$ cat input_2.txt   # compact mmCIF, C-alpha atoms
# COMPACT_ATOMS: atom_id res chain seq x y z
CA MET A 1 -22.52 6.95 -10.32
CA GLY A 2 -21.61 9.97 -12.41
CA ILE A 3 -18.04 11.21 -12.50
CA GLU A 4 -18.71 14.86 -13.36
CA LYS A 5 -18.44 15.99 -9.74
CA SER A 6 -17.33 14.22 -6.58
CA PRO A 7 -19.70 14.74 -3.64
CA TRP A 8 -16.72 14.27 -1.30
CA ARG A 9 -14.20 16.65 -2.85
CA ALA A 10 -15.21 19.54 -0.57
CA ASP A 11 -14.21 17.41 2.45
CA PHE A 12 -10.54 17.68 1.43
CA PRO A 13 -9.09 21.09 2.40
CA LEU A 14 -6.18 21.04 -0.05
CA LEU A 15 -8.41 20.19 -3.00
CA ALA A 16 -11.13 22.62 -1.93
CA ALA A 17 -8.62 25.45 -1.57
CA HIS A 18 -6.84 24.69 -4.84
CA PRO A 19 -9.33 23.90 -7.61
CA GLU A 20 -6.50 24.52 -10.10
CA ILE A 21 -4.84 21.26 -8.98
CA ALA A 22 -5.69 17.93 -10.62
CA PHE A 23 -4.21 15.52 -8.08
CA LEU A 24 -3.53 12.20 -9.80
CA ASP A 25 -0.96 10.65 -7.45
CA SER A 26 -3.10 9.00 -4.78
CA ALA A 27 -1.24 5.68 -5.15
CA ALA A 28 1.77 7.46 -3.64
CA THR A 29 -0.22 9.17 -0.89
CA ALA A 30 -3.85 10.13 -0.53
CA GLN A 31 -5.25 13.52 0.30
CA ARG A 32 -6.62 13.94 3.83
CA PRO A 33 -10.19 14.93 4.65
CA ALA A 34 -10.76 17.66 7.23
CA CYS A 35 -11.99 15.15 9.81
CA VAL A 36 -8.55 13.51 9.84
CA LEU A 37 -6.74 16.81 10.30
CA ASP A 38 -9.22 17.71 13.05
CA ALA A 39 -8.68 14.38 14.79
CA GLN A 40 -4.91 14.77 14.90
CA ARG A 41 -5.25 18.22 16.40
CA ARG A 42 -7.96 17.01 18.81
CA PHE A 43 -5.63 14.37 20.22
CA TYR A 44 -3.02 16.96 21.13
CA GLU A 45 -5.60 19.37 22.46
CA THR A 46 -7.66 16.96 24.57
CA MET A 47 -5.67 13.81 25.44
CA ASN A 48 -2.00 14.60 24.88
CA ALA A 49 -0.23 11.99 26.98
CA ASN A 50 1.89 8.92 26.38
CA PRO A 51 -0.37 5.86 25.97
CA LEU A 52 0.22 2.90 28.31
CA ARG A 53 2.62 4.82 30.57
CA GLY A 54 0.45 6.71 33.00
CA LEU A 55 -2.37 6.01 35.40
CA TYR A 56 -3.72 9.55 35.22
CA SER A 57 -6.81 10.28 33.16
CA LEU A 58 -5.14 11.80 30.08
CA SER A 59 -2.91 8.77 29.62
CA VAL A 60 -5.77 6.37 30.25
CA GLU A 61 -7.87 8.18 27.64
CA ALA A 62 -5.02 8.10 25.11
CA THR A 63 -4.51 4.40 25.78
CA ALA A 64 -8.19 3.70 25.22
CA ALA A 65 -8.18 5.76 22.01
CA ILE A 66 -5.31 3.71 20.52
CA ALA A 67 -6.96 0.46 21.56
CA ALA A 68 -10.14 1.56 19.80
CA VAL A 69 -8.27 2.19 16.54
CA ARG A 70 -6.58 -1.21 16.86
CA ALA A 71 -10.03 -2.79 17.07
CA GLN A 72 -11.19 -0.65 14.14
CA VAL A 73 -8.31 -1.90 11.98
CA ALA A 74 -9.04 -5.51 12.94
CA ASP A 75 -12.67 -5.04 11.92
CA LEU A 76 -11.65 -3.42 8.63
CA ILE A 77 -9.51 -6.39 7.54
CA GLY A 78 -11.57 -9.16 9.14
CA ALA A 79 -8.95 -10.01 11.76
CA PRO A 80 -10.38 -12.15 14.58
CA ASP A 81 -8.39 -10.48 17.38
CA ALA A 82 -7.39 -6.81 17.61
CA ARG A 83 -4.28 -7.71 19.59
CA ASP A 84 -2.84 -9.28 16.45
CA VAL A 85 -2.67 -5.77 14.92
CA VAL A 86 0.76 -4.15 15.28
CA PHE A 87 1.29 -0.45 14.60
CA THR A 88 4.42 0.47 12.64
CA ARG A 89 5.49 3.53 10.65
CA ASN A 90 4.44 2.28 7.19
CA THR A 91 4.06 -0.77 4.95
CA SER A 92 7.82 -0.90 4.40
CA GLU A 93 8.50 -1.24 8.12
CA SER A 94 5.77 -3.85 8.47
CA LEU A 95 7.25 -6.00 5.70
CA ASN A 96 10.75 -5.52 7.06
CA LEU A 97 9.51 -6.68 10.46
CA VAL A 98 8.30 -9.95 8.95
CA ALA A 99 11.45 -10.42 6.85
CA LYS A 100 13.85 -9.67 9.68
CA SER A 101 12.02 -11.26 12.61
CA PHE A 102 10.01 -14.11 11.12
CA SER A 103 12.35 -15.31 8.36
CA PRO A 104 15.04 -16.57 10.77
CA CYS A 105 12.36 -18.70 12.43
CA VAL A 106 11.77 -20.73 9.25
CA LEU A 107 14.51 -20.12 6.66
CA THR A 108 17.53 -22.42 6.44
CA PRO A 109 20.16 -22.85 3.70
CA GLY A 110 18.58 -24.13 0.49
CA ASP A 111 15.08 -22.94 1.36
CA GLU A 112 13.14 -20.61 -0.95
CA VAL A 113 11.12 -17.42 -0.70
CA ALA A 114 8.73 -16.82 -3.61
CA ILE A 115 7.66 -13.33 -4.70
CA THR A 116 6.42 -11.87 -7.99
CA ILE A 117 8.36 -9.63 -10.34
CA MET A 118 5.56 -7.08 -9.84
CA GLU A 119 6.57 -6.25 -6.26
CA HIS A 120 7.31 -2.80 -4.88
CA HIS A 121 10.89 -2.61 -3.60
CA SER A 122 9.47 -2.69 -0.06
CA ASN A 123 8.30 -6.25 -0.73
CA LEU A 124 11.43 -7.25 -2.61
CA ILE A 125 14.59 -5.92 -0.95
CA PRO A 126 13.69 -7.26 2.53
CA TRP A 127 13.40 -10.74 1.02
CA GLN A 128 16.72 -10.34 -0.80
CA GLU A 129 18.31 -9.56 2.56
CA ALA A 130 16.50 -12.37 4.37
CA CYS A 131 17.58 -14.93 1.77
CA ARG A 132 21.15 -13.66 1.83
CA ALA A 133 21.30 -13.96 5.61
CA ALA A 134 19.84 -17.48 5.63
CA GLY A 135 21.55 -18.88 2.54
CA ALA A 136 18.11 -19.25 0.96
CA ARG A 137 17.03 -18.58 -2.62
CA LEU A 138 14.70 -15.83 -3.84
CA VAL A 139 12.37 -17.18 -6.54
CA TYR A 140 10.35 -14.93 -8.87
CA LEU A 141 6.94 -15.60 -10.35
CA TYR A 142 6.53 -13.94 -13.75
CA PRO A 143 3.09 -12.97 -15.05
CA LYS A 144 1.93 -12.56 -18.60
CA LYS A 145 2.38 -9.05 -19.97
CA ASP A 146 -1.13 -8.18 -18.83
CA GLY A 147 -0.28 -9.03 -15.22
CA THR A 148 -2.03 -12.41 -15.16
CA LEU A 149 -0.26 -15.09 -13.12
CA ALA A 150 -0.77 -18.44 -14.81
CA ASP A 151 -1.61 -21.52 -12.75
CA ALA A 152 1.38 -23.31 -14.25
CA GLU A 153 3.73 -20.55 -13.09
CA ILE A 154 2.39 -20.77 -9.54
CA ALA A 155 2.67 -24.57 -9.52
CA GLU A 156 6.23 -24.43 -10.87
CA LYS A 157 7.59 -21.75 -8.52
CA ILE A 158 5.93 -22.71 -5.20
CA GLY A 159 7.23 -26.11 -4.17
CA PRO A 160 8.59 -28.24 -1.35
CA ARG A 161 11.47 -25.87 -0.58
CA THR A 162 9.22 -22.80 -0.38
CA ARG A 163 8.91 -21.42 3.15
CA ILE A 164 7.47 -17.95 2.48
CA VAL A 165 5.36 -16.50 -0.35
CA SER A 166 4.97 -12.72 -0.42
CA ALA A 167 2.97 -10.71 -2.95
CA ALA A 168 1.18 -7.43 -3.46
CA HIS A 169 -2.60 -7.62 -3.44
CA VAL A 170 -2.67 -4.90 -6.13
CA SER A 171 0.31 -3.86 -8.26
CA ASN A 172 1.32 -0.23 -7.81
CA VAL A 173 2.43 -0.06 -11.47
CA MET A 174 0.11 -2.33 -13.43
CA GLY A 175 -2.92 -1.69 -11.22
CA CYS A 176 -4.09 -5.29 -11.42
CA GLU A 177 -5.16 -7.52 -8.55
CA LEU A 178 -3.02 -10.59 -7.94
CA PRO A 179 -4.61 -14.00 -7.18
CA ILE A 180 -3.69 -13.91 -3.49
CA ARG A 181 -6.03 -16.72 -2.45
CA HIS A 182 -4.56 -19.01 -5.10
CA LEU A 183 -1.03 -18.12 -4.00
CA ALA A 184 -1.97 -18.67 -0.37
CA ASP A 185 -3.48 -22.08 -1.08
CA ALA A 186 -0.35 -23.09 -2.98
CA ALA A 187 1.83 -21.83 -0.13
CA HIS A 188 -0.17 -23.62 2.56
CA ALA A 189 -0.15 -26.86 0.58
CA VAL A 190 3.64 -27.01 1.00
CA GLY A 191 3.70 -25.66 4.56
CA ALA A 192 4.71 -22.10 3.64
CA VAL A 193 3.24 -18.85 4.95
CA MET A 194 1.54 -16.13 2.89
CA VAL A 195 2.55 -12.49 3.31
CA VAL A 196 0.33 -9.86 1.66
CA ASP A 197 1.33 -6.29 0.79
CA ALA A 198 -2.07 -4.59 0.89
CA ALA A 199 -0.82 -1.00 0.56
CA GLN A 200 -2.62 -0.53 -2.77
CA SER A 201 -5.73 -2.55 -1.96
CA VAL A 202 -6.96 -1.42 1.47
CA PRO A 203 -7.80 2.10 0.19
CA HIS A 204 -9.74 0.76 -2.81
CA LEU A 205 -11.18 -2.71 -2.17
CA ARG A 206 -12.76 -4.85 0.51
CA VAL A 207 -9.92 -6.73 2.21
CA ASP A 208 -10.41 -9.75 4.45
CA VAL A 209 -7.43 -11.68 5.77
CA ASN A 210 -9.45 -14.88 6.04
CA GLU A 211 -10.80 -14.72 2.49
CA LEU A 212 -7.31 -13.98 1.19
CA GLY A 213 -5.74 -16.81 3.19
CA ALA A 214 -3.14 -14.40 4.56
CA ASP A 215 -0.79 -15.23 7.41
CA PHE A 216 0.61 -11.69 7.50
CA LEU A 217 -0.83 -8.52 5.95
CA ALA A 218 0.61 -5.00 5.81
CA PHE A 219 -0.67 -1.58 4.76
CA SER A 220 -0.05 2.13 5.33
CA GLY A 221 -2.43 4.66 6.83
CA HIS A 222 -1.33 7.50 4.56
CA LYS A 223 -2.57 5.76 1.42
CA ALA A 224 -5.96 5.31 3.11
CA LEU A 225 -6.55 9.02 3.89
CA GLY A 226 -4.63 8.95 7.18
CA PRO A 227 -1.49 10.80 8.30
CA MET A 228 1.97 9.84 7.16
CA GLY A 229 3.99 7.78 9.63
CA VAL A 230 1.45 5.11 10.61
CA GLY A 231 1.51 1.57 9.27
CA VAL A 232 -0.13 -1.73 10.15
CA LEU A 233 1.11 -5.29 10.35
CA TRP A 234 -1.43 -7.99 11.06
CA GLY A 235 -0.23 -11.51 11.69
CA LYS A 236 -1.58 -14.77 12.99
CA ARG A 237 -0.96 -14.92 16.72
CA GLU A 238 1.07 -18.14 16.68
CA LEU A 239 3.45 -16.64 14.12
CA LEU A 240 3.79 -13.31 15.91
CA GLU A 241 4.59 -15.13 19.13
CA GLN A 242 7.44 -17.02 17.43
CA MET A 243 9.09 -13.80 16.28
CA PRO A 244 11.64 -11.81 18.26
CA PRO A 245 11.17 -8.02 18.26
CA MET A 246 12.95 -6.03 15.56
CA LEU A 247 13.33 -2.96 17.80
CA THR A 248 13.98 -3.01 21.53
CA GLY A 249 13.62 -0.37 24.20
CA GLY A 250 10.78 1.22 26.09
CA GLU A 251 7.36 -0.34 26.52
CA MET A 252 8.08 -3.57 24.62
CA ILE A 253 9.22 -5.45 27.74
CA ASP A 254 7.56 -7.34 30.54
CA SER A 255 10.62 -7.20 32.78
CA VAL A 256 14.31 -6.28 32.53
CA ARG A 257 17.24 -7.63 34.50
CA GLU A 258 20.90 -6.68 34.29
CA GLN A 259 21.75 -9.36 31.74
CA ASP A 260 18.47 -10.21 30.04
CA ALA A 261 14.85 -9.24 29.56
CA THR A 262 11.42 -10.75 29.02
CA TRP A 263 9.33 -9.37 26.18
CA ALA A 264 5.84 -7.98 26.56
CA PRO A 265 3.03 -9.91 24.85
CA VAL A 266 1.90 -9.21 21.28
CA PRO A 267 1.39 -6.49 20.05
CA GLU A 268 3.42 -4.40 22.53
CA LYS A 269 6.44 -6.63 21.87
CA PHE A 270 6.77 -5.01 18.44
CA GLU A 271 5.92 -1.42 19.39
CA ALA A 272 9.10 -0.16 21.05
CA GLY A 273 9.24 3.46 22.16
CA THR A 274 6.61 6.15 21.89
CA GLN A 275 4.24 5.53 19.02
CA ASP A 276 2.72 8.27 16.86
CA ALA A 277 -0.36 8.25 19.06
CA ALA A 278 -1.96 11.29 17.42
CA GLY A 279 -1.34 9.78 13.99
CA ILE A 280 -2.88 6.46 15.01
CA TYR A 281 -5.90 8.27 16.43
CA ALA A 282 -6.28 10.27 13.20
CA THR A 283 -5.89 7.07 11.17
CA GLY A 284 -8.98 5.83 12.98
CA ALA A 285 -10.83 8.93 11.77
CA ALA A 286 -9.56 8.27 8.24
CA LEU A 287 -10.77 4.66 8.23
CA ALA A 288 -14.14 5.70 9.64
CA TYR A 289 -14.52 8.30 6.89
CA LEU A 290 -13.46 5.81 4.21
CA THR A 291 -15.75 3.02 5.35
CA LYS A 292 -18.77 4.93 6.72
CA ALA A 293 -18.92 8.44 5.28
CA VAL A 294 -18.03 7.17 1.80
CA GLY A 295 -18.14 3.37 1.87
CA ILE A 296 -15.70 0.93 0.26
CA ASP A 297 -18.26 -0.18 -2.33
CA ALA A 298 -18.87 3.44 -3.37
CA VAL A 299 -15.10 3.99 -3.56
CA ALA A 300 -14.65 0.96 -5.82
CA GLU A 301 -17.61 1.90 -8.05
CA ARG A 302 -16.55 5.51 -8.55
CA GLU A 303 -12.89 4.70 -9.11
CA ALA A 304 -13.79 2.03 -11.65
CA ALA A 305 -15.84 4.59 -13.58
CA LEU A 306 -13.02 7.15 -13.45
CA VAL A 307 -10.43 4.62 -14.62
CA SER A 308 -12.68 3.44 -17.46
CA TYR A 309 -13.12 7.01 -18.69
CA ALA A 310 -9.41 7.80 -18.33
CA TRP A 311 -8.40 4.63 -20.17
CA GLU A 312 -10.77 5.43 -23.05
CA ARG A 313 -9.41 8.98 -23.34
CA LEU A 314 -5.78 7.86 -23.17
CA GLU A 315 -6.36 5.09 -25.73
CA GLY A 316 -7.51 7.81 -28.09
CA LEU A 317 -4.10 9.48 -27.96
CA GLY A 318 -2.01 7.70 -30.56
CA PHE A 319 1.24 8.81 -28.93
CA VAL A 320 0.46 7.31 -25.51
CA GLU A 321 1.72 3.79 -24.74
CA LEU A 322 -0.39 2.16 -22.03
CA ILE A 323 1.10 -0.39 -19.64
CA GLY A 324 -0.68 -3.35 -18.07
CA PRO A 325 -4.00 -5.11 -18.68
CA ALA A 326 -5.97 -3.94 -21.71
CA ASP A 327 -9.19 -4.16 -19.71
CA PRO A 328 -9.58 -0.98 -17.62
CA ALA A 329 -11.75 -2.91 -15.14
CA ARG A 330 -8.57 -4.64 -13.97
CA HIS A 331 -6.86 -1.36 -13.07
CA HIS A 332 -7.65 -0.51 -9.46
CA GLY A 333 -7.12 3.23 -9.52
CA VAL A 334 -3.79 3.03 -11.38
CA ILE A 335 -2.93 3.68 -15.03
CA SER A 336 0.72 3.63 -16.07
CA PHE A 337 1.82 4.87 -19.48
CA ASN A 338 4.50 6.63 -21.48
CA VAL A 339 4.43 9.33 -24.14
CA ARG A 340 6.31 8.01 -27.14
CA GLY A 341 9.79 9.49 -27.39
CA VAL A 342 9.41 11.76 -24.33
CA HIS A 343 11.06 11.02 -20.99
CA PRO A 344 8.52 10.59 -18.17
CA HIS A 345 10.24 13.29 -16.09
CA ASP A 346 9.66 15.80 -18.90
CA VAL A 347 6.03 14.72 -19.15
CA ALA A 348 5.47 15.20 -15.42
CA SER A 349 7.22 18.58 -15.36
CA ILE A 350 5.15 19.98 -18.22
CA LEU A 351 1.93 18.65 -16.71
CA ASP A 352 2.84 20.22 -13.38
CA ALA A 353 2.97 23.64 -15.03
CA SER A 354 -0.74 23.14 -15.72
CA GLY A 355 -1.50 21.93 -12.20
CA VAL A 356 -1.72 18.24 -13.15
CA CYS A 357 0.07 16.05 -10.58
CA ILE A 358 1.21 12.62 -11.76
CA ARG A 359 4.09 10.35 -10.75
CA ALA A 360 7.07 9.76 -13.04
CA GLY A 361 9.97 7.37 -12.48
CA HIS A 362 10.49 3.72 -11.61
CA HIS A 363 7.80 3.68 -8.89
CA CYS A 364 10.02 1.56 -6.65
CA ALA A 365 9.56 -1.31 -9.11
CA GLN A 366 12.74 -1.38 -11.20
CA PRO A 367 12.80 -5.19 -11.73
CA LEU A 368 9.24 -5.06 -13.08
CA LEU A 369 9.99 -2.23 -15.51
CA ALA A 370 13.15 -4.03 -16.65
CA TRP A 371 11.17 -7.22 -17.24
CA LEU A 372 8.50 -5.29 -19.15
CA GLY A 373 11.23 -3.70 -21.29
CA VAL A 374 10.19 -0.16 -20.39
CA GLU A 375 12.69 2.35 -21.77
CA ASN A 376 14.81 4.21 -19.18
CA LEU A 377 13.23 2.02 -16.46
CA ALA A 378 10.69 4.81 -16.01
CA CYS A 379 7.08 5.52 -16.82
CA CYS A 380 4.28 7.92 -15.98
CA ARG A 381 1.53 6.92 -13.56
CA ALA A 382 -1.84 8.56 -13.04
CA SER A 383 -3.60 7.21 -9.97
CA LEU A 384 -7.20 8.09 -9.27
CA ALA A 385 -9.25 8.24 -6.09
CA PHE A 386 -12.93 8.72 -5.34
CA TYR A 387 -12.39 12.47 -4.81
CA ASN A 388 -11.25 12.91 -8.41
CA GLU A 389 -13.60 14.20 -11.08
CA LYS A 390 -14.01 13.95 -14.85
CA SER A 391 -12.29 17.33 -15.26
CA ASP A 392 -9.11 15.95 -13.65
CA VAL A 393 -8.91 13.31 -16.39
CA ASP A 394 -9.72 15.84 -19.10
CA ARG A 395 -6.94 18.11 -17.88
CA LEU A 396 -4.51 15.18 -17.95
CA VAL A 397 -5.44 14.38 -21.54
CA ASP A 398 -5.21 18.03 -22.61
CA GLY A 399 -1.84 18.29 -20.89
CA LEU A 400 -0.51 15.22 -22.66
CA SER A 401 -1.56 16.70 -26.00
CA GLN A 402 0.41 19.79 -25.03
CA VAL A 403 3.44 17.64 -24.17
CA TRP A 404 3.26 15.95 -27.58
CA GLY A 405 2.94 19.28 -29.30
CA ILE A 406 5.96 20.75 -27.50
CA PHE A 407 8.19 17.89 -28.59
CA ASN A 408 6.70 17.31 -32.04
CA GLY A 409 5.45 20.70 -33.17
CA SER A 410 1.80 19.70 -33.45
CA ASP A 411 -1.07 18.07 -31.56
$ encode --input "input_2.txt" --output "structure tokens"
Amino acid sequence: MGIEKSPWRADFPLLAAHPEIAFLDSAATAQRPACVLDAQRRFYETMNANPLRGLYSLSVEATAAIAAVRAQVADLIGAPDARDVVFTRNTSESLNLVAKSFSPCVLTPGDEVAITIMEHHSNLIPWQEACRAAGARLVYLYPKKDGTLADAEIAEKIGPRTRIVSAAHVSNVMGCELPIRHLADAAHAVGAVMVVDAAQSVPHLRVDVNELGADFLAFSGHKALGPMGVGVLWGKRELLEQMPPMLTGGEMIDSVREQDATWAPVPEKFEAGTQDAAGIYATGAALAYLTKAVGIDAVAEREAALVSYAWERLEGLGFVELIGPADPARHHGVISFNVRGVHPHDVASILDASGVCIRAGHHCAQPLLAWLGVENLACCRASLAFYNEKSDVDRLVDGLSQVWGIFNGSD
């Protein structure tokens, strides 16, 4: 597949209206195709009612629409039962739900939770808090500098005291895929559960909870072309049923008495209050576009070609320091780097003046950047999606040459 032009770029109103923008921050949030924006508006115009709470036709239609998206999500990730899909606000909330509600079911003093040093803060801080509350220990798995987790490291860090293993499917900084199945097998061998942060994989790769060996899996709709404010937590039914709700209030109960209450069954038990029904409905449109109008295999193929080209161009700039695996095929849409001697914030600001949008900072991964020895605990990140084109990469490279020239007086 050629990378000169994207056949899908015209489907994205912001990109179509602003050809001067080279959007290279899709790992933070994706652009939305018109069909998603139309779906959100259509919900409010044609079925605006509170799901589950009315017997009139609008509410019944809204309820059916949300149930359909729940089934769509289950199909996307290979989940056997749609009722094991819980809607949250984002990946962070999904992971917090597991850490706050499931951890007390299994963690006791002296137990261990194992995560990798590559985790986003959303899959790190909740486990710090869970371990602190239980008197448990947080154990880190450290990869090689190219992001590879050695078998010996996994064998050493996941042991008889391990109760939970939690890891990102794809690193949001290094771009590499982690060996989730291997981690899951090691976890299950000692009776632990496997939690997967799939925020950076669902938009780019085929994801199947059974193939991964996951017990819980979380992702966000907004990184997969959907609206902001919708997240997913999938969990095995027996584990979800053990967990108390994190939030209480409307719609998550079966019955309430003056001094106690009985919870509703999964998933309603975890969906207190009015959900973002329009956002969930539009997320369904986003996933349909991603999987049918484009196709996950086409996404992966195009993004691999874009990353390969970008890596080759960036390698040719002697002042750019690339981070992560040396093989571009291991970078799933993400390339992190620094310009030698220039703070990432300055790089991003200068690029922005030319319409090139990248991310600069610690990327919610400060322990990883500290372990990598990255100066200022900050780096630049260009993240590509299937709607990007060769010209976006070329503009990034030209902009970086301009940055170098500004600070060094020459190209």
$ closest_residue --input "input_2.txt" --among "A:Met194, A:Cys364, A:Ala214, A:Val299" --to "Cys379 of chain A" --atoms "only C-alpha atoms"
A:Cys364
$ atom_distance --input "input_2.txt" --atom1 "atom CA of Asp394 of chain A" --atom2 "atom CA of His345 of chain A"
20.3 Å
$ closest_atom_pairs --input "input_2.txt" --of "segment 193-284 of chain A" --to "segment 50-65 of chain A" --cutoff "12 Å" --atoms "all atoms listed in the file" --output "Markdown table"
| residue | atom | partner | partner_atom | distance |
| --- | --- | --- | --- | --- |
| A:Gly250 | CA | A:Arg53 | CA | 10.0 |
| A:Glu251 | CA | A:Leu52 | CA | 8.0 |
| A:Met252 | CA | A:Leu52 | CA | 10.8 |
| A:Glu268 | CA | A:Leu52 | CA | 9.8 |
| A:Glu271 | CA | A:Leu52 | CA | 11.4 |
| A:Ala272 | CA | A:Leu52 | CA | 11.9 |
| A:Gly273 | CA | A:Asn50 | CA | 10.1 |
| A:Thr274 | CA | A:Asn50 | CA | 7.1 |
| A:Gln275 | CA | A:Pro51 | CA | 8.3 |
| A:Asp276 | CA | A:Asn50 | CA | 9.6 |
| A:Ala277 | CA | A:Pro51 | CA | 7.3 |
| A:Ala278 | CA | A:Ala62 | CA | 8.9 |
| A:Gly279 | CA | A:Ala65 | CA | 11.3 |
| A:Ile280 | CA | A:Ala65 | CA | 8.8 |
| A:Tyr281 | CA | A:Ala65 | CA | 6.5 |
| A:Ala282 | CA | A:Ala65 | CA | 10.1 |
| A:Thr283 | CA | A:Ala65 | CA | 11.2 |
| A:Gly284 | CA | A:Ala65 | CA | 9.1 |
$ residues_around --input "input_2.txt" --residues "Ala79 of chain A" --least-positions-apart "5" --cutoff "8 Å" --atoms "only C-alpha atoms" --output "list in words"
Ala74, Asp84, Asp208, Val209, Asn210 and Trp234 of chain A
$ closest_residue --input "input_2.txt" --among "A:Asp197, A:Asp297, A:Asp260, A:Glu238" --to "Thr116 of chain A" --atoms "all atoms listed in the file"
A:Asp197
$ residues_around --input "input_2.txt" --residues "segment 314-322 of chain A" --least-positions-apart "6" --cutoff "6 Å" --atoms "only C-alpha atoms" --output "ChimeraX atom specification"
/A:337-340
$ atom_distance --input "input_2.txt" --atom1 "atom CA of Thr262 of chain A" --atom2 "atom CA of Ala99 of chain A"
22.2 Å
$ residues_around --input "input_2.txt" --residues "segment 137-140 of chain A" --least-positions-apart "3" --cutoff "6 Å" --atoms "only C-alpha atoms" --output "list in words"
Glu112, Val113, Ala114, Ile115, Thr116, Ile117 and Cys131 of chain A
$ write_last_selection --input "input_2.txt" --atoms "C-alpha atoms" --output "short mmCIF file (atom, residue, chain, number, x, y, z; two decimals), in the coordinates of the input"
data_model
loop_
_atom_site.label_atom_id
_atom_site.label_comp_id
_atom_site.auth_asym_id
_atom_site.auth_seq_id
_atom_site.Cartn_x
_atom_site.Cartn_y
_atom_site.Cartn_z
CA GLU A 112 13.14 -20.61 -0.95
CA VAL A 113 11.12 -17.42 -0.70
CA ALA A 114 8.73 -16.82 -3.61
CA ILE A 115 7.66 -13.33 -4.70
CA THR A 116 6.42 -11.87 -7.99
CA ILE A 117 8.36 -9.63 -10.34
CA CYS A 131 17.58 -14.93 1.77
#
$ closest_residue --input "input_2.txt" --among "A:Ala286, A:Ile323, A:Val397, A:Ala218" --to "Gly147 of chain A" --atoms "all atoms listed in the file"
A:Ile323
$ build_atoms --input "input_2.txt" --residues "segment 389-401 of chain A" --atoms "N, CA and C atoms" --output "mmCIF file, in the frame of the given file"
data_model
loop_
_atom_site.group_PDB
_atom_site.id
_atom_site.type_symbol
_atom_site.label_atom_id
_atom_site.label_comp_id
_atom_site.auth_asym_id
_atom_site.auth_seq_id
_atom_site.Cartn_x
_atom_site.Cartn_y
_atom_site.Cartn_z
ATOM 1 N N GLU A 389 -12.445 13.905 -10.239
ATOM 2 C CA GLU A 389 -13.600 14.200 -11.080
ATOM 3 C C GLU A 389 -13.213 14.074 -12.552
ATOM 4 N N LYS A 390 -14.217 14.058 -13.396
ATOM 5 C CA LYS A 390 -14.010 13.950 -14.850
ATOM 6 C C LYS A 390 -13.041 15.023 -15.341
ATOM 7 N N SER A 391 -13.154 16.224 -14.797
ATOM 8 C CA SER A 391 -12.290 17.330 -15.260
ATOM 9 C C SER A 391 -10.821 17.057 -14.988
ATOM 10 N N ASP A 392 -10.511 16.293 -13.926
ATOM 11 C CA ASP A 392 -9.110 15.950 -13.650
ATOM 12 C C ASP A 392 -8.543 15.105 -14.796
ATOM 13 N N VAL A 393 -9.336 14.157 -15.265
ATOM 14 C CA VAL A 393 -8.910 13.310 -16.390
ATOM 15 C C VAL A 393 -8.787 14.145 -17.657
ATOM 16 N N ASP A 394 -9.756 15.009 -17.902
ATOM 17 C CA ASP A 394 -9.720 15.840 -19.100
ATOM 18 C C ASP A 394 -8.480 16.741 -19.120
ATOM 19 N N ARG A 395 -8.128 17.259 -17.954
ATOM 20 C CA ARG A 395 -6.940 18.110 -17.880
ATOM 21 C C ARG A 395 -5.666 17.301 -18.115
ATOM 22 N N LEU A 396 -5.647 16.055 -17.659
ATOM 23 C CA LEU A 396 -4.510 15.180 -17.950
ATOM 24 C C LEU A 396 -4.376 14.967 -19.447
ATOM 25 N N VAL A 397 -5.468 14.653 -20.100
ATOM 26 C CA VAL A 397 -5.440 14.380 -21.540
ATOM 27 C C VAL A 397 -5.029 15.628 -22.313
ATOM 28 N N ASP A 398 -5.587 16.784 -21.943
ATOM 29 C CA ASP A 398 -5.210 18.030 -22.610
ATOM 30 C C ASP A 398 -3.729 18.329 -22.397
ATOM 31 N N GLY A 399 -3.250 18.054 -21.184
ATOM 32 C CA GLY A 399 -1.840 18.290 -20.890
ATOM 33 C C GLY A 399 -0.916 17.397 -21.683
ATOM 34 N N LEU A 400 -1.330 16.141 -21.880
ATOM 35 C CA LEU A 400 -0.510 15.220 -22.660
ATOM 36 C C LEU A 400 -0.462 15.646 -24.133
ATOM 37 N N SER A 401 -1.563 16.175 -24.640
ATOM 38 C CA SER A 401 -1.560 16.700 -26.000
ATOM 39 C C SER A 401 -0.589 17.875 -26.112
#
